[in-house]
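Trainee: One file is attached below, entry.cif, containing mmCIF, C-alpha atoms and all ligand atoms.
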```cif
data_upload
#
loop_
_atom_site.group_PDB
_atom_site.id
_atom_site.type_symbol
_atom_site.label_atom_id
_atom_site.label_comp_id
_atom_site.auth_asym_id
_atom_site.auth_seq_id
_atom_site.Cartn_x
_atom_site.Cartn_y
_atom_site.Cartn_z
ATOM 1 C CA MET A 2 0.000 0.000 0.000
ATOM 2 C CA VAL A 3 1.534 3.310 -1.025
ATOM 3 C CA ASP A 4 0.442 6.681 0.286
ATOM 4 C CA ILE A 5 -0.207 9.008 -2.621
ATOM 5 C CA PHE A 6 -1.054 12.636 -1.986
ATOM 6 C CA ALA A 7 -2.619 15.001 -4.483
ATOM 7 C CA PHE A 8 -2.271 18.783 -4.347
ATOM 8 C CA ALA A 9 -5.010 20.533 -6.283
ATOM 9 C CA GLY A 10 -4.786 24.234 -7.119
ATOM 10 C CA GLY A 11 -7.963 26.190 -7.798
ATOM 11 C CA ARG A 12 -10.751 27.786 -5.767
ATOM 12 C CA GLY A 13 -12.404 26.651 -2.541
ATOM 13 C CA GLY A 14 -9.583 24.611 -1.017
ATOM 14 C CA ALA A 15 -8.492 24.328 2.615
ATOM 15 C CA TRP A 16 -5.381 26.482 2.099
ATOM 16 C CA ARG A 17 -5.473 30.063 0.815
ATOM 17 C CA VAL A 18 -2.582 31.106 -1.429
ATOM 18 C CA LEU A 19 -0.709 34.076 0.065
ATOM 19 C CA GLY A 20 1.842 34.244 -2.731
ATOM 20 C CA SER A 21 3.404 32.161 -5.444
ATOM 21 C CA ARG A 22 6.810 32.604 -7.033
ATOM 22 C CA THR A 23 8.558 30.766 -9.833
ATOM 23 C CA VAL A 24 12.092 30.242 -8.557
ATOM 24 C CA ARG A 25 13.450 28.365 -11.584
ATOM 25 C CA GLY A 26 12.117 27.018 -14.878
ATOM 26 C CA GLU A 27 8.489 26.940 -15.909
ATOM 27 C CA GLY A 28 5.936 28.228 -13.391
ATOM 28 C CA LEU A 29 2.440 27.036 -12.538
ATOM 29 C CA PRO A 30 -0.825 28.892 -13.248
ATOM 30 C CA THR A 31 -1.674 31.192 -10.333
ATOM 31 C CA VAL A 32 -4.529 29.933 -8.156
ATOM 32 C CA GLU A 33 -6.536 31.262 -5.198
ATOM 33 C CA SER A 34 -6.344 28.204 -3.016
ATOM 34 C CA LEU A 35 -5.021 24.714 -2.622
ATOM 35 C CA ASP A 36 -6.202 21.404 -1.270
ATOM 36 C CA MET A 37 -4.092 18.461 -0.169
ATOM 37 C CA VAL A 38 -5.790 15.078 -0.083
ATOM 38 C CA GLU A 39 -4.647 11.526 0.359
ATOM 39 C CA GLU A 40 -5.815 9.493 -2.616
ATOM 40 C CA PRO A 41 -8.295 8.010 -3.365
ATOM 41 C CA ARG A 42 -10.195 10.890 -1.702
ATOM 42 C CA ASP A 43 -11.186 13.700 -4.056
ATOM 43 C CA ALA A 44 -10.044 17.249 -3.424
ATOM 44 C CA ALA A 45 -12.745 19.731 -2.402
ATOM 45 C CA ILE A 46 -11.683 21.872 -5.332
ATOM 46 C CA LEU A 47 -13.855 21.295 -8.371
ATOM 47 C CA SER A 48 -12.231 21.716 -11.789
ATOM 48 C CA PRO A 49 -8.758 22.485 -10.395
ATOM 49 C CA ALA A 50 -6.330 24.497 -12.527
ATOM 50 C CA TRP A 51 -3.702 21.856 -11.769
ATOM 51 C CA VAL A 52 -3.172 18.707 -9.735
ATOM 52 C CA LEU A 53 0.266 17.544 -8.617
ATOM 53 C CA ARG A 54 0.782 14.074 -7.177
ATOM 54 C CA GLY A 55 3.485 12.493 -5.109
ATOM 55 C CA LEU A 56 3.984 9.464 -2.937
ATOM 56 C CA ILE A 57 5.631 8.845 0.394
ATOM 57 C CA SER A 58 8.662 6.726 -0.342
ATOM 58 C CA ASN A 59 11.596 5.163 1.448
ATOM 59 C CA ILE A 60 14.541 7.156 2.762
ATOM 60 C CA ARG A 61 17.257 7.697 0.133
ATOM 61 C CA TYR A 62 20.107 9.575 1.805
ATOM 62 C CA ALA A 63 19.662 9.951 5.556
ATOM 63 C CA THR A 64 21.931 7.771 7.677
ATOM 64 C CA LYS A 65 20.692 5.900 10.757
ATOM 65 C CA ALA A 66 22.130 8.598 13.010
ATOM 66 C CA GLU A 67 20.543 11.397 10.967
ATOM 67 C CA GLY A 68 17.210 9.582 11.034
ATOM 68 C CA GLU A 69 17.426 9.293 14.808
ATOM 69 C CA ALA A 70 18.384 12.953 15.176
ATOM 70 C CA LEU A 71 15.377 13.946 13.052
ATOM 71 C CA ARG A 72 12.928 11.691 14.847
ATOM 72 C CA ALA A 73 14.036 13.044 18.217
ATOM 73 C CA VAL A 74 12.891 16.585 17.374
ATOM 74 C CA GLN A 75 10.573 16.619 14.373
ATOM 75 C CA GLN A 76 6.896 17.436 14.718
ATOM 76 C CA GLY A 77 3.947 16.062 12.773
ATOM 77 C CA LEU A 78 1.668 17.949 10.417
ATOM 78 C CA ALA A 79 -1.625 19.562 11.432
ATOM 79 C CA ARG A 80 -0.423 21.217 14.664
ATOM 80 C CA PRO A 81 -3.093 23.776 15.625
ATOM 81 C CA GLN A 82 -0.560 26.637 15.824
ATOM 82 C CA ALA A 83 0.882 25.828 12.383
ATOM 83 C CA THR A 84 -1.509 27.973 10.398
ATOM 84 C CA LEU A 85 0.963 28.682 7.578
ATOM 85 C CA ALA A 86 2.311 26.260 4.997
ATOM 86 C CA ALA A 87 4.487 26.102 1.902
ATOM 87 C CA LEU A 88 4.264 23.800 -1.087
ATOM 88 C CA ILE A 89 7.542 23.823 -3.009
ATOM 89 C CA PRO A 90 7.497 21.516 -6.056
ATOM 90 C CA ILE A 91 11.024 20.764 -7.283
ATOM 91 C CA ARG A 92 12.538 19.003 -10.290
ATOM 92 C CA LYS A 93 16.212 18.061 -10.585
ATOM 93 C CA ASN A 94 18.065 17.858 -13.894
ATOM 94 C CA ALA A 95 19.414 14.929 -15.911
ATOM 95 C CA ALA A 96 22.924 15.457 -14.527
ATOM 96 C CA TRP A 97 21.621 14.774 -11.003
ATOM 97 C CA TRP A 98 19.750 11.638 -12.014
ATOM 98 C CA GLY A 99 22.802 10.449 -13.930
ATOM 99 C CA LEU A 100 24.919 10.395 -10.762
ATOM 100 C CA ALA A 101 25.434 7.281 -8.689
ATOM 101 C CA GLN A 102 23.711 7.022 -5.311
ATOM 102 C CA ASP A 103 26.942 7.666 -3.388
ATOM 103 C CA GLU A 104 27.703 10.765 -5.481
ATOM 104 C CA ARG A 105 24.212 12.155 -4.852
ATOM 105 C CA ARG A 106 24.476 11.506 -1.118
ATOM 106 C CA ALA A 107 27.852 13.276 -1.023
ATOM 107 C CA ILE A 108 26.428 16.384 -2.710
ATOM 108 C CA PHE A 109 23.237 16.294 -0.634
ATOM 109 C CA GLU A 110 24.869 16.036 2.779
ATOM 110 C CA GLU A 111 28.678 16.146 2.899
ATOM 111 C CA THR A 112 28.833 19.135 0.512
ATOM 112 C CA SER A 113 25.448 20.831 0.943
ATOM 113 C CA HIS A 114 24.614 19.831 4.545
ATOM 114 C CA HIS A 115 20.907 19.622 3.716
ATOM 115 C CA THR A 116 19.919 17.647 6.815
ATOM 116 C CA ALA A 117 22.278 19.527 9.115
ATOM 117 C CA ILE A 118 20.854 22.861 7.922
ATOM 118 C CA GLY A 119 17.291 21.569 8.163
ATOM 119 C CA LEU A 120 17.795 20.368 11.729
ATOM 120 C CA ASP A 121 18.495 23.964 12.792
ATOM 121 C CA TYR A 122 14.828 24.748 12.044
ATOM 122 C CA LEU A 123 13.217 21.848 13.890
ATOM 123 C CA PRO A 124 10.863 21.462 15.666
ATOM 124 C CA ALA A 125 9.388 24.781 14.414
ATOM 125 C CA ILE A 126 9.015 23.582 10.832
ATOM 126 C CA ALA A 127 7.098 20.347 10.184
ATOM 127 C CA ARG A 128 7.667 18.689 6.825
ATOM 128 C CA ARG A 129 6.649 15.902 4.494
ATOM 129 C CA LEU A 130 8.417 14.864 1.296
ATOM 130 C CA HIS A 131 6.455 13.412 -1.640
ATOM 131 C CA HIS A 132 8.126 11.792 -4.653
ATOM 132 C CA GLY A 133 6.598 12.370 -8.098
ATOM 133 C CA ARG A 134 9.351 11.188 -10.435
ATOM 134 C CA ASP A 135 8.372 7.518 -10.613
ATOM 135 C CA LEU A 136 4.732 8.523 -11.142
ATOM 136 C CA GLY A 137 5.750 10.357 -14.328
ATOM 137 C CA GLU A 138 4.821 13.673 -12.685
ATOM 138 C CA PRO A 139 6.209 17.051 -13.838
ATOM 139 C CA PHE A 140 8.013 17.534 -10.496
ATOM 140 C CA ASP A 141 10.359 15.006 -8.906
ATOM 141 C CA PHE A 142 9.468 16.223 -5.412
ATOM 142 C CA LEU A 143 6.548 17.959 -3.745
ATOM 143 C CA THR A 144 7.931 19.369 -0.527
ATOM 144 C CA TRP A 145 5.381 20.445 2.102
ATOM 145 C CA PHE A 146 6.030 22.467 5.252
ATOM 146 C CA GLU A 147 3.819 23.743 8.086
ATOM 147 C CA TYR A 148 4.746 26.362 10.670
ATOM 148 C CA ALA A 149 3.382 29.054 12.962
ATOM 149 C CA PRO A 150 3.309 32.692 11.758
ATOM 150 C CA GLU A 151 6.159 33.649 14.126
ATOM 151 C CA ASP A 152 8.386 31.065 12.418
ATOM 152 C CA ALA A 153 7.832 32.416 8.892
ATOM 153 C CA PRO A 154 11.089 34.472 8.937
ATOM 154 C CA ALA A 155 13.020 31.366 10.012
ATOM 155 C CA PHE A 156 11.443 29.404 7.172
ATOM 156 C CA ASP A 157 12.538 32.100 4.698
ATOM 157 C CA ALA A 158 16.083 31.907 6.064
ATOM 158 C CA LEU A 159 16.090 28.112 5.765
ATOM 159 C CA VAL A 160 14.970 28.207 2.139
ATOM 160 C CA ASP A 161 17.617 30.846 1.321
ATOM 161 C CA ARG A 162 20.354 28.713 2.880
ATOM 162 C CA LEU A 163 19.320 25.586 0.985
ATOM 163 C CA ARG A 164 19.016 27.422 -2.335
ATOM 164 C CA ALA A 165 22.613 28.634 -1.952
ATOM 165 C CA THR A 166 23.972 25.065 -1.749
ATOM 166 C CA ARG A 167 25.611 22.947 -4.440
ATOM 167 C CA GLU A 168 22.583 20.610 -4.331
ATOM 168 C CA TRP A 169 20.458 23.402 -5.785
ATOM 169 C CA ASP A 170 22.754 23.678 -8.838
ATOM 170 C CA TYR A 171 20.891 20.564 -9.975
ATOM 171 C CA VAL A 172 17.407 22.054 -9.511
ATOM 172 C CA ASP A 173 15.974 23.066 -12.878
ATOM 173 C CA ARG A 174 12.363 23.746 -11.918
ATOM 174 C CA GLU A 175 11.058 25.122 -8.641
ATOM 175 C CA VAL A 176 7.889 26.932 -7.630
ATOM 176 C CA ASP A 177 7.383 28.361 -4.145
ATOM 177 C CA ILE A 178 3.760 28.617 -2.997
ATOM 178 C CA ARG A 179 3.009 30.113 0.426
ATOM 179 C CA LEU A 180 -0.287 29.334 2.112
ATOM 180 C CA ALA A 181 -2.498 30.037 5.122
ATOM 181 C CA ARG A 182 -5.335 27.922 6.429
ATOM 182 C CA ALA A 183 -8.517 29.131 4.741
HETATM 183 C C1 LIG B 201 15.125 15.603 1.199
HETATM 184 C C2 LIG B 201 15.567 17.109 5.753
HETATM 185 C C3 LIG B 201 13.826 21.439 4.487
HETATM 186 C C4 LIG B 201 13.741 20.047 -0.129
HETATM 187 C C5 LIG B 201 15.414 15.654 2.536
HETATM 188 C C6 LIG B 201 15.966 14.563 3.297
HETATM 189 C C7 LIG B 201 16.098 14.983 4.568
HETATM 190 C C8 LIG B 201 15.622 16.337 4.620
HETATM 191 C C9 LIG B 201 16.632 14.183 5.747
HETATM 192 C C10 LIG B 201 16.419 13.222 2.735
HETATM 193 C C11 LIG B 201 15.373 12.162 2.813
HETATM 194 C C12 LIG B 201 15.984 10.853 2.307
HETATM 195 O O1 LIG B 201 16.984 10.408 2.893
HETATM 196 O O2 LIG B 201 15.444 10.303 1.322
HETATM 197 C C13 LIG B 201 15.062 18.397 5.810
HETATM 198 C C14 LIG B 201 14.840 19.117 7.032
HETATM 199 C C15 LIG B 201 14.336 20.328 6.696
HETATM 200 C C16 LIG B 201 14.256 20.366 5.235
HETATM 201 C C17 LIG B 201 15.120 18.626 8.454
HETATM 202 C C18 LIG B 201 13.907 21.401 7.657
HETATM 203 C C19 LIG B 201 12.655 21.851 7.669
HETATM 204 C C20 LIG B 201 13.723 21.466 3.114
HETATM 205 C C21 LIG B 201 13.294 22.603 2.338
HETATM 206 C C22 LIG B 201 13.266 22.212 1.027
HETATM 207 C C23 LIG B 201 13.678 20.831 0.995
HETATM 208 C C24 LIG B 201 12.896 23.976 2.907
HETATM 209 C C25 LIG B 201 12.890 23.002 -0.199
HETATM 210 C C26 LIG B 201 13.082 24.316 -0.330
HETATM 211 C C27 LIG B 201 14.061 18.716 -0.150
HETATM 212 C C28 LIG B 201 14.079 17.917 -1.357
HETATM 213 C C29 LIG B 201 14.466 16.638 -0.974
HETATM 214 C C30 LIG B 201 14.694 16.671 0.459
HETATM 215 C C31 LIG B 201 13.738 18.370 -2.763
HETATM 216 C C32 LIG B 201 14.668 15.434 -1.881
HETATM 217 C C33 LIG B 201 16.095 15.437 -2.370
HETATM 218 C C34 LIG B 201 16.426 14.264 -3.245
HETATM 219 O O3 LIG B 201 15.962 13.140 -2.969
HETATM 220 O O4 LIG B 201 17.173 14.477 -4.218
HETATM 221 N N1 LIG B 201 15.222 16.728 3.365
HETATM 222 N N2 LIG B 201 14.714 19.171 4.744
HETATM 223 N N3 LIG B 201 13.963 20.415 2.270
HETATM 224 N N4 LIG B 201 14.422 17.936 0.916
HETATM 225 FE FE1 LIG B 201 14.657 18.578 2.805
#
```
Render the structure in this file as structure tokens.
Ligand code: HEM
Mentor:
Amino acid sequence: MVDIFAFAGGRGGAWRVLGSRTVRGEGLPTVESLDMVEEPRDAAILSPAWVLRGLISNIRYATKAEGEALRAVQQGLARPQATLAALIPIRKNAAWWGLAQDERRAIFEETSHHTAIGLDYLPAIARRLHHGRDLGEPFDFLTWFEYAPEDAPAFDALVDRLRATREWDYVDREVDIRLARA
């Protein structure tokens, strides 16, 4: 049983779009709101402008120790105080996918310190990673984050730090959608 999540952009969803920015590559049509549902449930949005899908998959890069460090502090989704969210769909280029697993891990963590940077922002930021690549989706990853309004500046700082890493040299499409509970 795989957990597939669908993100539908349109009108009448549970999350109101505060702003949307194309960071790299082709953007997405601007929408008023967004809904996230676990399939096979249907999104509340009728006739969405777009639907992006991704599944929860196995861990690719995190070591046992990193996994333990994350589990010790990370928070789940749907905390009452986490009224803000971000959906950041990301695609990586052919050069990335042409690398071997050990080369990708080295860029991801030893060079870019993705997990180490991310840990600085836990437990304030809750996250869930969805994989779209093996579903033939336009984005390889749908990254989802939830946080309280007072942690929005920290989230901005986190995103800036990650985008400045070597890992992001391989990102060829990225859209940054900021949301508030409707
Ligand atoms: C993957 C941690 C924030 C984008 C990962 C993985 C970890 C992680 C451990 C690897 C999962 C695996 O081993 O398969 C964190 C933490 C964060 C954070 C603790 C703090 C909130 C972010 C942000 C973004 C992002 C803000 C986007 C702007 C991604 C992407 C992947 C990923 C695209 C998949 C990379 C790949 O498989 O090539 N993250 N992350 N992360 N994260 Fe983060």
Trainee: Care to translate the PyMOL selection byres (((not hetatm)) within 6 of (chain B and resi 201)) into actual residues of this file, as a ChimeraX atom specification?
Mentor: /A:60-63,91,116,119-120,122,126,128,142,144,159-160
Trainee: Write out as an MDAnalysis selection string which residues come within 10 Å of region 5-10 of chain A when counting only C-alpha atoms, dropping same-chain ones fewer than 3 positions away.
Mentor: chainID A and resid 2 13:14 16:18 29:58 88 131:133 136 143
Trainee: Which one of A:Thr23, A:Thr166, A:Thr84, A:Thr64 sits closest to Ala149 (chain A) if you count only C-alpha atoms?
Mentor: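 So, comparing all the options, the nearest one is A:Thr84.
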Trainee: I'd like to know which of A:Ala181, A:Ala86, A:Ala70, A:Leu78 is closest to Asp157 (chain A), using only C-alpha atoms.
Mentor: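 Nearest to Asp157 (chain A): A:Ala86.
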Trainee: So, counting only C-alpha atoms, which residue among A:Val172, A:Ile89, A:Ala155, A:Leu19 is closest to Leu123 (chain A)?
Mentor: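 Of A:Val172, A:Ile89, A:Ala155, A:Leu19, the one nearest Leu123 (chain A) is A:Ala155, counting only C-alpha atoms.
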Trainee: Between CA of Val3 (chain A) and CA of Pro139 (chain A), what is the distance in Å, rounded to a tenth?
Mentor: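 Atom-to-atom, CA of Val3 (chain A) and CA of Pro139 (chain A) are spaced 19.4 Å apart.
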Trainee: Using only C-alpha atoms, find the one residue out of A:Glu168, A:Gly11, A:Ile178, A:Asp4 that sits nearest to Thr112 (chain A).
Mentor: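 Closest residue, counting only C-alpha atoms: A:Glu168.
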Trainee: Give as number ranges by chain the residues that the PyMOL selection byres (((chain A and resi 26) around 6) and not hetatm) matches when applied to the coordinates above.
Mentor: A: 25, 27, 173-174
Trainee: Would you output that residue set with C-alpha atoms, as a PDB file, in the frame of the given file?
Mentor:
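Final output, part_7.pdb:
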```
ATOM      1  CA  ARG A  25      13.450  28.365 -11.584  1.00  0.00           C
ATOM      2  CA  GLU A  27       8.489  26.940 -15.909  1.00  0.00           C
ATOM      3  CA  ASP A 173      15.974  23.066 -12.878  1.00  0.00           C
ATOM      4  CA  ARG A 174      12.363  23.746 -11.918  1.00  0.00           C
TER       5      ARG A 174
END
```
Trainee: Mind checking which residues fall within 7 Å of Gln75 (chain A), counting all atoms listed in the file, ignoring those fewer than 4 positions away in the same chain, and posting them as a PyMOL selection string?
Mentor: chain A and resi 71+123-124+127
Trainee: Go ahead and save the picked residues with C-alpha atoms, as a PDB file, in the coordinates of the input.
Mentor:
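Contents of the output file result.pdb:
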```pdb
ATOM      1  CA  LEU A  71      15.377  13.946  13.052  1.00  0.00           C
ATOM      2  CA  LEU A 123      13.217  21.848  13.890  1.00  0.00           C
ATOM      3  CA  PRO A 124      10.863  21.462  15.666  1.00  0.00           C
ATOM      4  CA  ALA A 127       7.098  20.347  10.184  1.00  0.00           C
TER       5      ALA A 127
END
```
Trainee: Mind pulling up the distance from CA of Asp177 (chain A) to CA of Arg22 (chain A)?
Mentor: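 Interatomic distance here is 5.2 Å.
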Trainee: Find the residue from A:Leu130, A:Ala101, A:Ile108, A:Ala87 that sits nearest to Tyr148 (chain A); use all atoms listed in the file when measuring.
Mentor: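 Nearest candidate to Tyr148 (chain A) out of A:Leu130, A:Ala101, A:Ile108, A:Ala87: A:Ala87.
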Trainee: Compile the contact shell of Ala95 (chain A) as JSON, numbers by chain: residues with an atom at most 12 Å away, counting only C-alpha atoms, same-chain residues fewer than 3 positions apart removed.
Mentor: {"A": [92, 98, 99, 100, 141, 170, 171, 172, 173, 174]}
Trainee: Under the rule that all atoms listed in the file are counted, which of A:Gly28, A:Asn59, A:Arg12, A:Pro150 is the nearest residue to Pro81 (chain A)?
Mentor: A:Pro150
Trainee: To one decimal place, how far is CA of Gly68 (chain A) from CA of Ala165 (chain A) in Å?
Mentor: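 For CA of Gly68 (chain A) relative to CA of Ala165 (chain A), the distance reads 23.7 Å.
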Trainee: Please supply region 39-72 of chain A, rebuilt with N, CA and C atoms, as a PDB file, in the frame of the given file.
Mentor:
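Output contents, as saved in selection_6.pdb:
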```
ATOM      1  N   GLU A  39      -5.253  12.832   0.552  1.00  0.00           N
ATOM      2  CA  GLU A  39      -4.647  11.526   0.359  1.00  0.00           C
ATOM      3  C   GLU A  39      -5.557  10.754  -0.589  1.00  0.00           C
ATOM      4  N   GLU A  40      -4.990  10.260  -1.674  1.00  0.00           N
ATOM      5  CA  GLU A  40      -5.815   9.493  -2.616  1.00  0.00           C
ATOM      6  C   GLU A  40      -6.236   8.181  -1.941  1.00  0.00           C
ATOM      7  N   PRO A  41      -7.446   7.647  -2.246  1.00  0.00           N
ATOM      8  CA  PRO A  41      -8.295   8.010  -3.365  1.00  0.00           C
ATOM      9  C   PRO A  41      -9.335   9.081  -3.072  1.00  0.00           C
ATOM     10  N   ARG A  42      -9.214   9.819  -1.949  1.00  0.00           N
ATOM     11  CA  ARG A  42     -10.195  10.890  -1.702  1.00  0.00           C
ATOM     12  C   ARG A  42     -10.081  11.967  -2.764  1.00  0.00           C
ATOM     13  N   ASP A  43     -11.204  12.603  -3.089  1.00  0.00           N
ATOM     14  CA  ASP A  43     -11.186  13.700  -4.056  1.00  0.00           C
ATOM     15  C   ASP A  43     -10.963  15.019  -3.342  1.00  0.00           C
ATOM     16  N   ALA A  44     -10.240  15.911  -3.973  1.00  0.00           N
ATOM     17  CA  ALA A  44     -10.044  17.249  -3.424  1.00  0.00           C
ATOM     18  C   ALA A  44     -11.376  17.991  -3.424  1.00  0.00           C
ATOM     19  N   ALA A  45     -11.522  18.928  -2.471  1.00  0.00           N
ATOM     20  CA  ALA A  45     -12.745  19.731  -2.402  1.00  0.00           C
ATOM     21  C   ALA A  45     -12.850  20.668  -3.607  1.00  0.00           C
ATOM     22  N   ILE A  46     -11.688  20.950  -4.194  1.00  0.00           N
ATOM     23  CA  ILE A  46     -11.683  21.872  -5.332  1.00  0.00           C
ATOM     24  C   ILE A  46     -12.266  21.185  -6.560  1.00  0.00           C
ATOM     25  N   LEU A  47     -13.270  21.814  -7.142  1.00  0.00           N
ATOM     26  CA  LEU A  47     -13.855  21.295  -8.371  1.00  0.00           C
ATOM     27  C   LEU A  47     -13.149  21.953  -9.551  1.00  0.00           C
ATOM     28  N   SER A  48     -12.937  21.217 -10.596  1.00  0.00           N
ATOM     29  CA  SER A  48     -12.231  21.716 -11.789  1.00  0.00           C
ATOM     30  C   SER A  48     -10.948  22.457 -11.420  1.00  0.00           C
ATOM     31  N   PRO A  49      -9.998  21.803 -10.772  1.00  0.00           N
ATOM     32  CA  PRO A  49      -8.758  22.485 -10.395  1.00  0.00           C
ATOM     33  C   PRO A  49      -7.964  22.936 -11.618  1.00  0.00           C
ATOM     34  N   ALA A  50      -7.191  24.022 -11.446  1.00  0.00           N
ATOM     35  CA  ALA A  50      -6.330  24.497 -12.527  1.00  0.00           C
ATOM     36  C   ALA A  50      -5.181  23.523 -12.743  1.00  0.00           C
ATOM     37  N   TRP A  51      -4.739  22.888 -11.651  1.00  0.00           N
ATOM     38  CA  TRP A  51      -3.702  21.856 -11.769  1.00  0.00           C
ATOM     39  C   TRP A  51      -3.768  20.901 -10.585  1.00  0.00           C
ATOM     40  N   VAL A  52      -3.281  19.707 -10.800  1.00  0.00           N
ATOM     41  CA  VAL A  52      -3.172  18.707  -9.735  1.00  0.00           C
ATOM     42  C   VAL A  52      -1.763  18.118  -9.811  1.00  0.00           C
ATOM     43  N   LEU A  53      -1.068  18.135  -8.693  1.00  0.00           N
ATOM     44  CA  LEU A  53       0.266  17.544  -8.617  1.00  0.00           C
ATOM     45  C   LEU A  53       0.199  16.369  -7.658  1.00  0.00           C
ATOM     46  N   ARG A  54       0.863  15.271  -8.005  1.00  0.00           N
ATOM     47  CA  ARG A  54       0.782  14.074  -7.177  1.00  0.00           C
ATOM     48  C   ARG A  54       2.165  13.603  -6.761  1.00  0.00           C
ATOM     49  N   GLY A  55       2.218  13.032  -5.588  1.00  0.00           N
ATOM     50  CA  GLY A  55       3.485  12.493  -5.109  1.00  0.00           C
ATOM     51  C   GLY A  55       3.241  11.445  -4.050  1.00  0.00           C
ATOM     52  N   LEU A  56       4.172  10.526  -3.926  1.00  0.00           N
ATOM     53  CA  LEU A  56       3.984   9.464  -2.937  1.00  0.00           C
ATOM     54  C   LEU A  56       5.065   9.501  -1.868  1.00  0.00           C
ATOM     55  N   ILE A  57       4.678   8.968  -0.715  1.00  0.00           N
ATOM     56  CA  ILE A  57       5.631   8.845   0.394  1.00  0.00           C
ATOM     57  C   ILE A  57       6.487   7.621   0.090  1.00  0.00           C
ATOM     58  N   SER A  58       7.775   7.816   0.048  1.00  0.00           N
ATOM     59  CA  SER A  58       8.662   6.726  -0.342  1.00  0.00           C
ATOM     60  C   SER A  58       9.654   6.417   0.769  1.00  0.00           C
ATOM     61  N   ASN A  59      10.560   5.503   0.478  1.00  0.00           N
ATOM     62  CA  ASN A  59      11.596   5.163   1.448  1.00  0.00           C
ATOM     63  C   ASN A  59      12.657   6.267   1.506  1.00  0.00           C
ATOM     64  N   ILE A  60      13.423   6.226   2.580  1.00  0.00           N
ATOM     65  CA  ILE A  60      14.541   7.156   2.762  1.00  0.00           C
ATOM     66  C   ILE A  60      15.633   6.839   1.735  1.00  0.00           C
ATOM     67  N   ARG A  61      16.197   7.899   1.121  1.00  0.00           N
ATOM     68  CA  ARG A  61      17.257   7.697   0.133  1.00  0.00           C
ATOM     69  C   ARG A  61      18.651   7.987   0.690  1.00  0.00           C
ATOM     70  N   TYR A  62      18.775   9.067   1.471  1.00  0.00           N
ATOM     71  CA  TYR A  62      20.107   9.575   1.805  1.00  0.00           C
ATOM     72  C   TYR A  62      20.413   9.605   3.293  1.00  0.00           C
ATOM     73  N   ALA A  63      19.406   9.774   4.128  1.00  0.00           N
ATOM     74  CA  ALA A  63      19.662   9.951   5.556  1.00  0.00           C
ATOM     75  C   ALA A  63      20.289   8.688   6.156  1.00  0.00           C
ATOM     76  N   THR A  64      21.304   8.885   6.966  1.00  0.00           N
ATOM     77  CA  THR A  64      21.931   7.771   7.677  1.00  0.00           C
ATOM     78  C   THR A  64      21.071   7.419   8.887  1.00  0.00           C
ATOM     79  N   LYS A  65      21.428   6.310   9.552  1.00  0.00           N
ATOM     80  CA  LYS A  65      20.692   5.900  10.757  1.00  0.00           C
ATOM     81  C   LYS A  65      20.760   7.007  11.807  1.00  0.00           C
ATOM     82  N   ALA A  66      21.957   7.553  11.989  1.00  0.00           N
ATOM     83  CA  ALA A  66      22.130   8.598  13.010  1.00  0.00           C
ATOM     84  C   ALA A  66      21.329   9.853  12.659  1.00  0.00           C
ATOM     85  N   GLU A  67      21.325  10.223  11.373  1.00  0.00           N
ATOM     86  CA  GLU A  67      20.543  11.397  10.967  1.00  0.00           C
ATOM     87  C   GLU A  67      19.052  11.139  11.174  1.00  0.00           C
ATOM     88  N   GLY A  68      18.617   9.947  10.832  1.00  0.00           N
ATOM     89  CA  GLY A  68      17.210   9.582  11.034  1.00  0.00           C
ATOM     90  C   GLY A  68      16.820   9.695  12.497  1.00  0.00           C
ATOM     91  N   GLU A  69      17.714   9.230  13.374  1.00  0.00           N
ATOM     92  CA  GLU A  69      17.426   9.293  14.808  1.00  0.00           C
ATOM     93  C   GLU A  69      17.397  10.743  15.295  1.00  0.00           C
ATOM     94  N   ALA A  70      18.338  11.540  14.777  1.00  0.00           N
ATOM     95  CA  ALA A  70      18.384  12.953  15.176  1.00  0.00           C
ATOM     96  C   ALA A  70      17.094  13.664  14.746  1.00  0.00           C
ATOM     97  N   LEU A  71      16.615  13.326  13.548  1.00  0.00           N
ATOM     98  CA  LEU A  71      15.377  13.946  13.052  1.00  0.00           C
ATOM     99  C   LEU A  71      14.181  13.501  13.888  1.00  0.00           C
ATOM    100  N   ARG A  72      14.097  12.212  14.106  1.00  0.00           N
ATOM    101  CA  ARG A  72      12.928  11.691  14.847  1.00  0.00           C
ATOM    102  C   ARG A  72      12.862  12.233  16.268  1.00  0.00           C
TER     103      ARG A  72
END
```
